[in-house]
>>> print(open('work_22.cif').read())   # mmCIF, C-alpha atoms
data_protein
loop_
_atom_site.label_atom_id
_atom_site.label_comp_id
_atom_site.auth_asym_id
_atom_site.auth_seq_id
_atom_site.Cartn_x
_atom_site.Cartn_y
_atom_site.Cartn_z
CA MET R 10 18.78 36.23 5.75
CA THR R 11 20.42 35.98 2.35
CA GLY R 12 18.79 34.84 -0.83
CA ILE R 13 21.14 31.95 -1.47
CA LYS R 14 19.55 28.67 -2.44
CA SER R 15 21.00 25.67 -0.64
CA SER R 16 21.89 22.63 -2.73
CA ALA R 17 21.77 20.33 0.31
CA GLN R 18 19.12 17.65 0.53
CA PRO R 19 16.42 18.22 3.17
CA ALA R 20 17.18 16.27 6.32
CA PRO R 21 15.02 13.20 6.95
CA ILE R 22 12.28 13.55 9.55
CA LYS R 23 12.33 10.85 12.19
CA GLY R 24 9.28 8.61 11.83
CA ARG R 25 8.35 9.98 8.40
CA GLY R 26 9.14 8.61 4.97
CA ILE R 27 9.37 11.93 3.12
CA ALA R 28 10.72 15.26 4.35
CA THR R 29 9.02 17.57 1.82
CA ARG R 30 5.55 18.45 0.69
CA THR R 31 6.13 17.47 -2.90
CA GLU R 32 3.99 19.42 -5.35
CA HIS R 33 1.34 17.48 -7.21
CA ARG R 34 0.42 17.54 -10.90
CA PHE R 35 -2.67 19.71 -10.35
CA THR R 36 -0.80 22.50 -8.59
CA SER R 37 -1.69 25.76 -10.30
CA GLN R 38 0.96 27.99 -8.71
CA HIS R 39 4.67 27.25 -8.66
CA ARG R 40 6.89 29.59 -6.68
CA THR R 41 10.66 29.52 -6.87
CA GLY R 42 13.19 32.23 -6.11
CA TRP R 43 13.61 35.08 -3.71
CA SER R 44 10.66 37.01 -2.32
CA LYS R 45 11.51 40.40 -0.77
CA ASP R 46 8.03 40.83 0.64
CA GLU R 47 8.03 37.55 2.50
CA ASP R 48 11.77 37.39 3.18
CA VAL R 49 11.95 33.69 2.36
CA TRP R 50 13.36 31.45 -0.31
CA TRP R 51 10.48 29.58 -1.89
CA LEU R 52 11.19 26.09 -3.11
CA ALA R 53 9.09 24.06 -5.51
CA GLU R 54 9.16 21.39 -2.82
CA GLU R 55 8.66 22.79 0.67
CA ASP R 56 11.34 21.57 3.06
CA VAL R 57 9.77 21.12 6.48
CA SER R 58 12.55 19.03 7.97
CA ALA R 59 14.06 22.00 9.81
CA ALA R 60 10.77 22.71 11.57
CA ALA R 61 9.09 20.65 14.25
CA ALA R 62 8.13 17.17 13.09
CA PRO R 63 4.58 17.43 11.72
CA SER R 64 1.87 15.63 13.65
CA THR R 65 -0.77 13.43 12.07
CA GLN R 66 -4.13 15.04 11.35
CA VAL R 67 -7.21 12.88 10.82
CA THR R 68 -10.23 14.28 8.95
CA LEU R 69 -13.57 12.50 8.82
CA GLU R 70 -15.16 12.13 5.41
CA THR R 71 -18.70 11.05 4.55
CA ALA R 72 -18.35 8.36 1.89
CA ARG R 73 -20.85 8.19 -0.93
CA SER R 74 -19.74 4.72 -2.00
CA ALA R 75 -17.75 1.90 -0.43
CA LEU R 76 -16.99 -0.60 -3.19
CA SER R 77 -14.50 0.36 -5.89
CA GLY R 78 -14.49 -1.71 -9.07
CA ASN R 79 -11.37 -2.99 -10.78
CA ASP R 80 -11.12 -4.27 -14.33
CA SER R 81 -7.33 -4.55 -14.57
CA PRO R 82 -6.43 -8.14 -15.51
CA ASP R 83 -3.19 -8.03 -13.51
CA ILE R 84 -4.99 -7.49 -10.18
CA PHE R 85 -6.57 -10.55 -8.56
CA PHE R 86 -9.66 -8.89 -7.06
CA GLU R 87 -12.58 -7.21 -8.83
CA GLN R 88 -13.69 -4.95 -5.99
CA SER R 89 -12.04 -3.25 -3.03
CA VAL R 90 -12.89 -1.31 0.11
CA ASN R 91 -10.53 1.28 1.56
CA PRO R 92 -11.63 2.85 4.85
CA TYR R 93 -8.82 5.43 4.72
CA ARG R 94 -7.14 7.83 2.30
CA GLY R 95 -3.50 8.43 3.03
CA CYS R 96 -1.45 6.19 5.29
CA GLU R 97 0.56 7.01 8.37
CA HIS R 98 2.91 4.10 7.76
CA GLY R 99 4.72 6.44 5.38
CA CYS R 100 6.06 3.75 3.03
CA VAL R 101 8.19 5.64 0.54
CA TYR R 102 7.33 3.39 -2.42
CA CYS R 103 3.53 3.39 -1.93
CA TYR R 104 1.80 3.50 -5.31
CA ALA R 105 -1.22 5.17 -3.66
CA ARG R 106 0.69 8.35 -2.82
CA PRO R 107 -0.33 10.15 -6.04
CA THR R 108 -4.02 9.77 -5.12
CA HIS R 109 -3.62 12.53 -2.53
CA SER R 110 -3.23 14.91 -5.47
CA TYR R 111 -6.98 14.62 -6.10
CA LEU R 112 -7.52 16.08 -2.61
CA ASN R 113 -5.18 18.99 -3.41
CA LEU R 114 -2.72 17.53 -0.90
CA SER R 115 0.91 16.60 -1.34
CA PRO R 116 1.72 12.98 -2.24
CA GLY R 117 4.82 13.53 -0.12
CA LEU R 118 4.52 14.50 3.52
CA ASP R 119 0.76 15.18 3.42
CA PHE R 120 0.05 11.59 2.36
CA GLU R 121 1.43 10.28 5.63
CA THR R 122 0.30 13.12 7.93
CA ARG R 123 -3.12 14.10 6.52
CA ILE R 124 -5.32 11.01 6.88
CA ILE R 125 -8.91 10.95 5.62
CA ALA R 126 -11.19 8.49 7.45
CA LYS R 127 -14.49 7.44 5.86
CA HIS R 128 -16.50 7.39 9.06
CA ASN R 129 -19.66 5.88 7.50
CA ILE R 130 -17.91 3.28 5.32
CA ALA R 131 -19.55 0.29 7.04
CA GLN R 132 -23.09 1.67 6.67
CA VAL R 133 -22.56 2.45 2.99
CA LEU R 134 -21.03 -0.98 2.38
CA ARG R 135 -24.01 -2.64 4.03
CA GLN R 136 -26.36 -0.78 1.70
CA GLU R 137 -24.36 -1.73 -1.38
CA LEU R 138 -24.10 -5.41 -0.46
CA ALA R 139 -27.84 -5.54 0.32
CA ARG R 140 -28.78 -4.57 -3.22
CA PRO R 141 -30.32 -7.45 -5.19
CA SER R 142 -28.22 -6.34 -8.15
CA HIS R 143 -24.92 -6.94 -6.34
CA ARG R 144 -22.93 -9.86 -7.74
CA PRO R 145 -20.40 -11.38 -5.36
CA SER R 146 -16.73 -11.42 -6.21
CA ILE R 147 -13.62 -11.33 -4.06
CA VAL R 148 -13.43 -7.99 -2.25
CA ASN R 149 -10.05 -6.83 -1.01
CA ILE R 150 -9.82 -4.62 2.06
CA GLY R 151 -6.84 -2.27 2.17
CA SER R 152 -5.68 -2.47 -1.42
CA ALA R 153 -4.73 1.21 -1.61
CA THR R 154 -3.83 2.26 1.94
CA ASP R 155 -3.34 0.04 4.97
CA CYS R 156 -6.63 -0.80 6.66
CA TYR R 157 -4.81 -1.31 9.98
CA GLN R 158 -2.77 1.88 10.12
CA PRO R 159 -2.49 3.48 13.60
CA VAL R 160 -5.76 5.45 13.55
CA GLU R 161 -7.68 2.18 13.16
CA ARG R 162 -7.01 1.41 16.81
CA GLU R 163 -9.33 4.27 17.74
CA LEU R 164 -11.83 4.46 14.86
CA LYS R 165 -12.29 0.70 14.22
CA LEU R 166 -13.60 1.29 10.71
CA THR R 167 -11.94 -1.85 9.34
CA ARG R 168 -13.47 -3.98 12.06
CA ALA R 169 -16.90 -2.53 11.22
CA VAL R 170 -16.34 -3.39 7.54
CA ILE R 171 -15.41 -6.97 8.46
CA GLU R 172 -18.57 -7.28 10.54
CA VAL R 173 -20.65 -6.27 7.51
CA MET R 174 -18.86 -8.85 5.35
CA ARG R 175 -19.52 -11.46 8.03
CA ASP R 176 -23.22 -10.60 8.20
CA ALA R 177 -23.50 -10.85 4.42
CA ARG R 178 -21.46 -14.05 4.25
CA HIS R 179 -19.42 -12.28 1.59
CA PRO R 180 -15.87 -13.51 0.92
CA PHE R 181 -12.99 -11.07 1.17
CA SER R 182 -9.25 -10.79 1.53
CA LEU R 183 -7.22 -8.19 3.37
CA ILE R 184 -3.62 -7.07 3.16
CA THR R 185 -1.62 -5.23 5.81
CA LYS R 186 1.79 -4.45 7.27
CA SER R 187 0.35 -4.04 10.76
CA SER R 188 0.06 -6.28 13.78
CA GLY R 189 -3.27 -4.54 14.39
CA VAL R 190 -5.01 -7.28 12.42
CA GLU R 191 -4.53 -9.55 15.44
CA ARG R 192 -7.21 -7.56 17.26
CA ASP R 193 -9.80 -8.98 14.86
CA LEU R 194 -8.76 -12.63 15.09
CA ASP R 195 -12.09 -13.45 16.74
CA LEU R 196 -13.92 -12.46 13.56
CA LEU R 197 -11.32 -13.72 11.09
CA ALA R 198 -10.98 -17.17 12.66
CA GLU R 199 -14.74 -17.73 12.45
CA LEU R 200 -14.88 -16.60 8.82
CA ALA R 201 -11.84 -18.69 7.89
CA GLN R 202 -13.68 -21.83 8.98
CA GLN R 203 -16.35 -20.96 6.42
CA ARG R 204 -13.80 -20.22 3.66
CA LEU R 205 -14.79 -16.55 3.60
CA VAL R 206 -11.48 -14.83 4.32
CA ALA R 207 -7.78 -14.89 3.50
CA ALA R 208 -5.11 -12.55 4.86
CA TYR R 209 -1.85 -11.33 3.37
CA VAL R 210 1.00 -9.69 5.25
CA THR R 211 3.56 -7.59 3.40
CA ILE R 212 7.19 -8.02 4.43
CA THR R 213 9.48 -6.06 2.15
CA THR R 214 12.71 -6.89 3.98
CA LEU R 215 14.01 -8.45 7.18
CA ASP R 216 16.58 -5.66 7.55
CA ALA R 217 15.32 -3.66 10.54
CA HIS R 218 17.32 -0.53 9.66
CA LEU R 219 16.09 -0.51 6.07
CA ALA R 220 12.50 -1.11 7.15
CA ARG R 221 12.74 1.80 9.61
CA ILE R 222 13.56 4.30 6.85
CA LEU R 223 11.56 2.63 4.06
CA GLU R 224 8.34 1.99 6.03
CA PRO R 225 8.86 4.19 9.11
CA ARG R 226 5.60 3.64 10.98
CA ALA R 227 4.75 0.12 9.89
CA ALA R 228 5.35 -2.82 12.22
CA ALA R 229 8.92 -4.07 12.40
CA PRO R 230 9.70 -7.12 10.21
CA TYR R 231 9.99 -9.50 13.18
CA ARG R 232 6.60 -8.27 14.43
CA ARG R 233 4.98 -8.99 11.07
CA LEU R 234 6.35 -12.54 11.23
CA ARG R 235 4.64 -12.92 14.60
CA THR R 236 1.43 -11.67 13.00
CA ILE R 237 1.69 -14.32 10.28
CA HIS R 238 2.15 -16.91 13.01
CA ALA R 239 -0.87 -15.62 14.95
CA LEU R 240 -3.09 -15.71 11.86
CA ALA R 241 -1.95 -19.21 10.93
CA GLN R 242 -2.46 -20.49 14.49
CA ALA R 243 -6.01 -19.12 14.38
CA GLY R 244 -6.69 -21.06 11.19
CA VAL R 245 -6.74 -18.04 8.89
CA PRO R 246 -5.16 -18.76 5.48
CA VAL R 247 -2.23 -16.36 5.33
CA GLY R 248 0.14 -15.44 2.54
CA VAL R 249 3.16 -13.17 2.37
CA SER R 250 3.69 -10.31 -0.06
CA VAL R 251 7.35 -9.58 -0.73
CA ALA R 252 6.48 -6.38 -2.51
CA PRO R 253 7.73 -4.24 -3.89
CA GLN R 254 11.11 -5.50 -4.98
CA ILE R 255 13.48 -2.51 -5.25
CA PRO R 256 16.75 -3.14 -7.11
CA PHE R 257 19.89 -2.87 -4.94
CA ILE R 258 17.73 -1.96 -1.92
CA THR R 259 15.58 -5.01 -0.99
CA GLU R 260 18.00 -7.83 -1.66
CA ASP R 261 16.82 -10.50 0.81
CA MET R 262 13.72 -11.87 -0.90
CA GLU R 263 14.72 -15.50 -0.33
CA GLN R 264 15.27 -14.92 3.39
CA VAL R 265 11.90 -13.16 3.73
CA LEU R 266 10.09 -16.04 2.03
CA ALA R 267 11.83 -18.62 4.23
CA ALA R 268 11.02 -16.73 7.44
CA ALA R 269 7.39 -16.25 6.40
CA ARG R 270 7.03 -19.94 5.54
CA GLU R 271 8.44 -20.91 8.93
CA ALA R 272 5.96 -18.53 10.60
CA GLY R 273 3.02 -20.22 8.86
CA ALA R 274 2.49 -18.55 5.49
CA THR R 275 1.25 -20.93 2.80
CA SER R 276 1.35 -18.67 -0.25
CA ALA R 277 3.39 -15.77 -1.61
CA PHE R 278 3.46 -13.13 -4.30
CA TYR R 279 5.63 -10.19 -5.32
CA THR R 280 5.66 -7.11 -7.52
CA VAL R 281 8.43 -4.79 -8.65
CA ILE R 282 8.46 -1.16 -7.64
CA ARG R 283 6.27 1.15 -9.71
CA LEU R 284 6.81 4.91 -9.91
CA PRO R 285 3.72 6.55 -11.41
CA TRP R 286 3.27 10.30 -11.46
CA GLU R 287 4.71 12.10 -8.40
CA LEU R 288 6.11 8.89 -6.94
CA ASN R 289 9.02 9.18 -9.35
CA SER R 290 10.36 12.36 -7.73
CA ILE R 291 9.51 11.10 -4.24
CA MET R 292 11.61 7.97 -4.71
CA ARG R 293 14.48 9.98 -6.14
CA GLU R 294 14.41 12.29 -3.10
CA TRP R 295 14.48 9.34 -0.71
CA LEU R 296 17.39 7.71 -2.54
CA ASP R 297 19.37 10.95 -2.50
CA GLN R 298 18.78 11.21 1.25
CA HIS R 299 19.57 7.66 2.28
CA TYR R 300 21.53 6.00 -0.53
CA PRO R 301 23.25 8.75 -2.54
CA ASP R 302 26.07 6.39 -3.49
CA ARG R 303 23.73 4.09 -5.42
CA ALA R 304 20.78 6.36 -6.28
CA ALA R 305 21.62 6.59 -10.00
CA ARG R 306 22.17 2.85 -10.26
CA VAL R 307 18.86 2.06 -8.54
CA MET R 308 16.90 4.39 -10.82
CA ALA R 309 18.63 2.99 -13.93
CA ARG R 310 17.67 -0.57 -12.95
CA ILE R 311 14.07 0.46 -12.24
CA GLN R 312 13.94 2.00 -15.71
CA ASP R 313 15.37 -1.23 -17.14
CA LEU R 314 12.67 -3.27 -15.38
CA HIS R 315 9.95 -1.14 -16.94
CA GLY R 316 11.47 -0.96 -20.43
CA VAL R 317 11.88 2.81 -20.34
CA SER R 318 13.54 4.09 -23.52
CA GLU R 319 16.55 6.40 -23.61
CA ALA R 320 14.35 9.26 -24.81
CA GLN R 321 11.98 8.71 -21.88
CA ARG R 322 14.87 8.55 -19.43
CA ASP R 323 16.13 11.89 -20.68
CA GLY R 324 12.71 13.26 -19.79
CA GLY R 325 12.91 11.79 -16.29
CA VAL R 326 10.41 8.97 -16.89
CA SER R 327 10.94 5.79 -14.84
CA TYR R 328 7.72 3.80 -15.30
CA ASP R 329 5.58 2.17 -17.98
CA SER R 330 1.94 1.63 -16.95
CA ASN R 331 1.34 -1.22 -19.43
CA TYR R 332 -0.70 -3.71 -17.41
CA LEU R 333 1.04 -6.64 -19.11
CA THR R 334 4.38 -5.79 -17.52
CA ARG R 335 3.90 -3.15 -14.82
CA MET R 336 3.63 -5.57 -11.89
CA LYS R 337 6.54 -7.88 -12.67
CA GLY R 338 8.61 -5.86 -15.13
CA SER R 339 10.16 -7.14 -18.34
CA GLY R 340 13.59 -7.92 -19.73
CA PRO R 341 16.55 -9.85 -18.31
CA TRP R 342 16.50 -8.31 -14.83
CA ALA R 343 12.81 -9.09 -14.45
CA ASP R 344 13.50 -12.67 -15.60
CA VAL R 345 16.20 -13.10 -12.94
CA LEU R 346 13.86 -11.82 -10.24
CA ARG R 347 11.07 -14.12 -11.42
CA GLN R 348 13.35 -17.15 -11.36
CA ARG R 349 14.57 -16.34 -7.87
CA PHE R 350 11.02 -16.06 -6.61
CA HIS R 351 9.68 -19.17 -8.31
CA LYS R 352 12.60 -21.39 -7.30
CA THR R 353 12.44 -20.25 -3.70
CA CYS R 354 8.68 -20.81 -3.50
CA ALA R 355 9.08 -24.29 -5.00
CA ARG R 356 11.82 -25.18 -2.51
CA LEU R 357 9.77 -23.93 0.45
CA GLY R 358 6.43 -25.32 -0.71
CA LEU R 359 4.80 -21.91 -0.96
CA HIS R 360 1.83 -21.67 -3.31
CA ARG R 361 1.80 -18.85 -5.83
CA GLU R 362 -1.97 -18.96 -6.20
CA ARG R 363 -4.14 -17.11 -3.71
CA THR R 364 -6.56 -18.94 -1.44
CA GLU R 365 -9.82 -19.84 -3.15
CA LEU R 366 -12.80 -18.53 -1.22
CA ASP R 367 -16.48 -19.52 -1.34
CA LEU R 368 -18.73 -17.12 -3.25
CA SER R 369 -21.87 -19.24 -2.89
CA GLN R 370 -22.76 -18.28 0.69
CA TYR R 371 -23.56 -14.63 0.00
CA HIS R 372 -27.15 -13.45 -0.32
CA PRO R 373 -28.44 -9.84 -0.03
CA SER R 374 -31.33 -10.91 2.22
CA LEU R 375 -28.82 -11.71 4.95
CA LEU R 376 -28.31 -7.97 5.44
CA SER R 377 -31.98 -7.05 5.51
CA GLY R 378 -32.97 -9.34 8.36
CA GLN R 379 -34.77 -11.67 5.95
CA ARG R 380 -33.87 -15.24 5.07
CA GLN R 381 -34.14 -17.20 1.87
CA LEU R 382 -37.35 -19.24 1.68
CA PHE R 383 -35.77 -21.92 -0.47
#
>>> encode(input="work_22.cif", output="structure tokens")
Amino acid sequence: MTGIKSSAQPAPIKGRGIATRTEHRFTSQHRTGWSKDEDVWWLAEEDVSAAAAPSTQVTLETARSALSGNDSPDIFFEQSVNPYRGCEHGCVYCYARPTHSYLNLSPGLDFETRIIAKHNIAQVLRQELARPSHRPSIVNIGSATDCYQPVERELKLTRAVIEVMRDARHPFSLITKSSGVERDLDLLAELAQQRLVAAYVTITTLDAHLARILEPRAAAPYRRLRTIHALAQAGVPVGVSVAPQIPFITEDMEQVLAAAREAGATSAFYTVIRLPWELNSIMREWLDQHYPDRAARVMARIQDLHGVSEAQRDGGVSYDSNYLTRMKGSGPWADVLRQRFHKTCARLGLHRERTELDLSQYHPSLLSGQRQLF
């Protein structure tokens, strides 16, 4: 072996979004260069693409809390429940990737291969909703990582969470890219009749090839359209998320909205791509692998959307976390995207407001086996 560093990009791994275990911001040791003792060239980002494709590992975690609060004015829900950390769907753009850093795991390959399942999430949620001090607000299930990713078929943690919400008569929404939600139509249809649930399905693109490399283990676009149809047929209010919009990559927003409307969606929303923390380098790696001819142009437009200054660009920054603009962007390119979305929704009759659910039916006594006397 020679100590010559290769300038080639790591080869993509079939069925995975990222081919490297990208270092995270808490990493204390950085190794680069030639090591005589270990006879290997250490890279800051470990290239595992030449080895066997890594399998998914699921670790059970005992959750201490279930409900996470949110006070950001640009997010429609005040509380969320996430049964899983990490997501096997492997969506390259996922804004939750950097959260794996807090587990001392890579936001790159580890995020999609090292899944943490909160095995007691339903029991903890039941305890929290049974507290007299709990005040009902819309709870979103799956806001960080998909609540119907593959491991849910076996563990059924999301279904257990829904059963708790049903018992408490507590309204909630859920968002997914998976057809797995159809398994729970028996519960969702009943709750929809009581105005206690709304579902949202994310369809980033109708391009099957793009979806396969952008969201490698999520359901195919046509399958998600069938899921929208199944939810709508069951009477569940269903909306479509055409998020995130990635300049020069996801260019068929109008076609996605039209197909979702035909399938039965009644509402829609979108966001632009956000690249906080390690996600910046992850997105750059993916672009260099799959779209090297337009990588620089894509990153420049993302920086335009987020109002990144020249000085920030020189430092490699591609994102502004200002809550006033982070979801939709700012400037002329953001205005064009907004107009496209609004005009298409108006033409199709898609609502831009989310389904209003009934908060009045919840009462903590419903979870304790007691009933209200009056």
>>> resolve_selection(input="work_22.cif", expression="the PyMOL selection byres ((chain R and resi 311) around 12)", output="mmCIF file with C-alpha atoms, keeping the file's coordinate frame")
data_model
loop_
_atom_site.group_PDB
_atom_site.id
_atom_site.type_symbol
_atom_site.label_atom_id
_atom_site.label_comp_id
_atom_site.auth_asym_id
_atom_site.auth_seq_id
_atom_site.Cartn_x
_atom_site.Cartn_y
_atom_site.Cartn_z
ATOM 1 C CA PRO R 253 7.730 -4.240 -3.890
ATOM 2 C CA GLN R 254 11.110 -5.500 -4.980
ATOM 3 C CA ILE R 255 13.480 -2.510 -5.250
ATOM 4 C CA PRO R 256 16.750 -3.140 -7.110
ATOM 5 C CA PHE R 257 19.890 -2.870 -4.940
ATOM 6 C CA ILE R 258 17.730 -1.960 -1.920
ATOM 7 C CA VAL R 281 8.430 -4.790 -8.650
ATOM 8 C CA ILE R 282 8.460 -1.160 -7.640
ATOM 9 C CA ARG R 283 6.270 1.150 -9.710
ATOM 10 C CA LEU R 284 6.810 4.910 -9.910
ATOM 11 C CA ASN R 289 9.020 9.180 -9.350
ATOM 12 C CA MET R 292 11.610 7.970 -4.710
ATOM 13 C CA ARG R 293 14.480 9.980 -6.140
ATOM 14 C CA ALA R 304 20.780 6.360 -6.280
ATOM 15 C CA ALA R 305 21.620 6.590 -10.000
ATOM 16 C CA ARG R 306 22.170 2.850 -10.260
ATOM 17 C CA VAL R 307 18.860 2.060 -8.540
ATOM 18 C CA MET R 308 16.900 4.390 -10.820
ATOM 19 C CA ALA R 309 18.630 2.990 -13.930
ATOM 20 C CA ARG R 310 17.670 -0.570 -12.950
ATOM 21 C CA GLN R 312 13.940 2.000 -15.710
ATOM 22 C CA ASP R 313 15.370 -1.230 -17.140
ATOM 23 C CA LEU R 314 12.670 -3.270 -15.380
ATOM 24 C CA HIS R 315 9.950 -1.140 -16.940
ATOM 25 C CA GLY R 316 11.470 -0.960 -20.430
ATOM 26 C CA VAL R 317 11.880 2.810 -20.340
ATOM 27 C CA SER R 318 13.540 4.090 -23.520
ATOM 28 C CA ARG R 322 14.870 8.550 -19.430
ATOM 29 C CA VAL R 326 10.410 8.970 -16.890
ATOM 30 C CA SER R 327 10.940 5.790 -14.840
ATOM 31 C CA TYR R 328 7.720 3.800 -15.300
ATOM 32 C CA ASP R 329 5.580 2.170 -17.980
ATOM 33 C CA ARG R 335 3.900 -3.150 -14.820
ATOM 34 C CA LYS R 337 6.540 -7.880 -12.670
ATOM 35 C CA GLY R 338 8.610 -5.860 -15.130
ATOM 36 C CA SER R 339 10.160 -7.140 -18.340
ATOM 37 C CA GLY R 340 13.590 -7.920 -19.730
ATOM 38 C CA TRP R 342 16.500 -8.310 -14.830
ATOM 39 C CA ALA R 343 12.810 -9.090 -14.450
#
>>> resolve_selection(input="work_22.cif", expression="the PyMOL selection byres ((chain R and resi 238-245) around 8)", output="ChimeraX atom specification")
/R:191,194,197-198,201-202,206-208,234-237,246-247,272-274
>>> closest_residue(input="work_22.cif", among="R:Ile212, R:Ala72, R:Ala229, R:Ile222", to="R:Gln298", atoms="only C-alpha atoms")
R:Ile222
>>> closest_atom_pairs(input="work_22.cif", of="stretch 165-275 of chain R", to="stretch 115-125 of chain R", cutoff="12 Å", atoms="only C-alpha atoms", output="tab-separated table")
residue	atom	partner	partner_atom	distance
R:Leu166	CA	R:Ile125	CA	11.9
R:Glu224	CA	R:Glu121	CA	10.8
R:Pro225	CA	R:Glu121	CA	10.2
R:Arg226	CA	R:Glu121	CA	9.5
R:Ala227	CA	R:Glu121	CA	11.5
>>> resolve_selection(input="work_22.cif", expression="the PyMOL selection byres ((chain R and resi 131) around 10)", output="mmCIF file with C-alpha atoms, keeping the file's coordinate frame")
data_model
loop_
_atom_site.group_PDB
_atom_site.id
_atom_site.type_symbol
_atom_site.label_atom_id
_atom_site.label_comp_id
_atom_site.auth_asym_id
_atom_site.auth_seq_id
_atom_site.Cartn_x
_atom_site.Cartn_y
_atom_site.Cartn_z
ATOM 1 C CA ALA R 72 -18.350 8.360 1.890
ATOM 2 C CA ALA R 75 -17.750 1.900 -0.430
ATOM 3 C CA VAL R 90 -12.890 -1.310 0.110
ATOM 4 C CA PRO R 92 -11.630 2.850 4.850
ATOM 5 C CA LYS R 127 -14.490 7.440 5.860
ATOM 6 C CA HIS R 128 -16.500 7.390 9.060
ATOM 7 C CA ASN R 129 -19.660 5.880 7.500
ATOM 8 C CA ILE R 130 -17.910 3.280 5.320
ATOM 9 C CA GLN R 132 -23.090 1.670 6.670
ATOM 10 C CA VAL R 133 -22.560 2.450 2.990
ATOM 11 C CA LEU R 134 -21.030 -0.980 2.380
ATOM 12 C CA ARG R 135 -24.010 -2.640 4.030
ATOM 13 C CA GLN R 136 -26.360 -0.780 1.700
ATOM 14 C CA GLU R 137 -24.360 -1.730 -1.380
ATOM 15 C CA LEU R 166 -13.600 1.290 10.710
ATOM 16 C CA THR R 167 -11.940 -1.850 9.340
ATOM 17 C CA ARG R 168 -13.470 -3.980 12.060
ATOM 18 C CA ALA R 169 -16.900 -2.530 11.220
ATOM 19 C CA VAL R 170 -16.340 -3.390 7.540
ATOM 20 C CA ILE R 171 -15.410 -6.970 8.460
ATOM 21 C CA GLU R 172 -18.570 -7.280 10.540
ATOM 22 C CA VAL R 173 -20.650 -6.270 7.510
ATOM 23 C CA MET R 174 -18.860 -8.850 5.350
#
>>> closest_atom_pairs(input="work_22.cif", of="stretch 99-139 of chain R", to="stretch 149-155 of chain R", cutoff="10 Å", atoms="all atoms listed in the file", output="tab-separated table")
residue	atom	partner	partner_atom	distance
R:Cys103	CA	R:Thr154	CA	8.4
R:Tyr104	CA	R:Ala153	CA	7.8
R:Ala105	CA	R:Ala153	CA	5.7
R:Arg106	CA	R:Thr154	CA	9.0
R:Thr108	CA	R:Ala153	CA	9.3
>>> decode(input="work_22.cif", residues="stretch 272-285 of chain R", atoms="N, CA and C atoms", output="PDB file, in the first residue's frame")
ATOM      1  N   ALA R 272     -54.987  12.476  -6.364  1.00  0.00           N
ATOM      2  CA  ALA R 272     -55.032  11.308  -5.474  1.00  0.00           C
ATOM      3  C   ALA R 272     -55.937  11.527  -4.267  1.00  0.00           C
ATOM      4  N   GLY R 273     -56.241  12.794  -3.945  1.00  0.00           N
ATOM      5  CA  GLY R 273     -57.150  13.058  -2.834  1.00  0.00           C
ATOM      6  C   GLY R 273     -56.655  14.041  -1.795  1.00  0.00           C
ATOM      7  N   ALA R 274     -55.465  14.600  -1.977  1.00  0.00           N
ATOM      8  CA  ALA R 274     -54.969  15.597  -1.031  1.00  0.00           C
ATOM      9  C   ALA R 274     -55.820  16.866  -1.108  1.00  0.00           C
ATOM     10  N   THR R 275     -56.051  17.485   0.035  1.00  0.00           N
ATOM     11  CA  THR R 275     -56.856  18.708   0.065  1.00  0.00           C
ATOM     12  C   THR R 275     -56.054  19.936   0.493  1.00  0.00           C
ATOM     13  N   SER R 276     -54.836  19.726   0.955  1.00  0.00           N
ATOM     14  CA  SER R 276     -54.005  20.847   1.380  1.00  0.00           C
ATOM     15  C   SER R 276     -52.554  20.580   1.000  1.00  0.00           C
ATOM     16  N   ALA R 277     -51.739  21.617   1.074  1.00  0.00           N
ATOM     17  CA  ALA R 277     -50.332  21.471   0.677  1.00  0.00           C
ATOM     18  C   ALA R 277     -49.481  22.511   1.387  1.00  0.00           C
ATOM     19  N   PHE R 278     -48.209  22.179   1.570  1.00  0.00           N
ATOM     20  CA  PHE R 278     -47.244  23.150   2.052  1.00  0.00           C
ATOM     21  C   PHE R 278     -45.869  22.788   1.531  1.00  0.00           C
ATOM     22  N   TYR R 279     -44.934  23.710   1.635  1.00  0.00           N
ATOM     23  CA  TYR R 279     -43.573  23.468   1.158  1.00  0.00           C
ATOM     24  C   TYR R 279     -42.586  24.201   2.052  1.00  0.00           C
ATOM     25  N   THR R 280     -41.337  23.797   1.976  1.00  0.00           N
ATOM     26  CA  THR R 280     -40.223  24.530   2.568  1.00  0.00           C
ATOM     27  C   THR R 280     -39.067  24.463   1.573  1.00  0.00           C
ATOM     28  N   VAL R 281     -38.099  25.334   1.766  1.00  0.00           N
ATOM     29  CA  VAL R 281     -36.873  25.236   0.972  1.00  0.00           C
ATOM     30  C   VAL R 281     -35.848  24.448   1.778  1.00  0.00           C
ATOM     31  N   ILE R 282     -34.863  23.918   1.093  1.00  0.00           N
ATOM     32  CA  ILE R 282     -33.852  23.121   1.767  1.00  0.00           C
ATOM     33  C   ILE R 282     -33.084  23.963   2.774  1.00  0.00           C
ATOM     34  N   ARG R 283     -32.822  23.350   3.929  1.00  0.00           N
ATOM     35  CA  ARG R 283     -32.020  23.999   4.975  1.00  0.00           C
ATOM     36  C   ARG R 283     -30.788  23.139   5.233  1.00  0.00           C
ATOM     37  N   LEU R 284     -29.650  23.790   5.447  1.00  0.00           N
ATOM     38  CA  LEU R 284     -28.397  23.055   5.630  1.00  0.00           C
ATOM     39  C   LEU R 284     -27.687  23.458   6.924  1.00  0.00           C
ATOM     40  N   PRO R 285     -28.293  23.153   8.068  1.00  0.00           N
ATOM     41  CA  PRO R 285     -27.634  23.485   9.335  1.00  0.00           C
ATOM     42  C   PRO R 285     -26.493  22.534   9.650  1.00  0.00           C
TER      43      PRO R 285
END
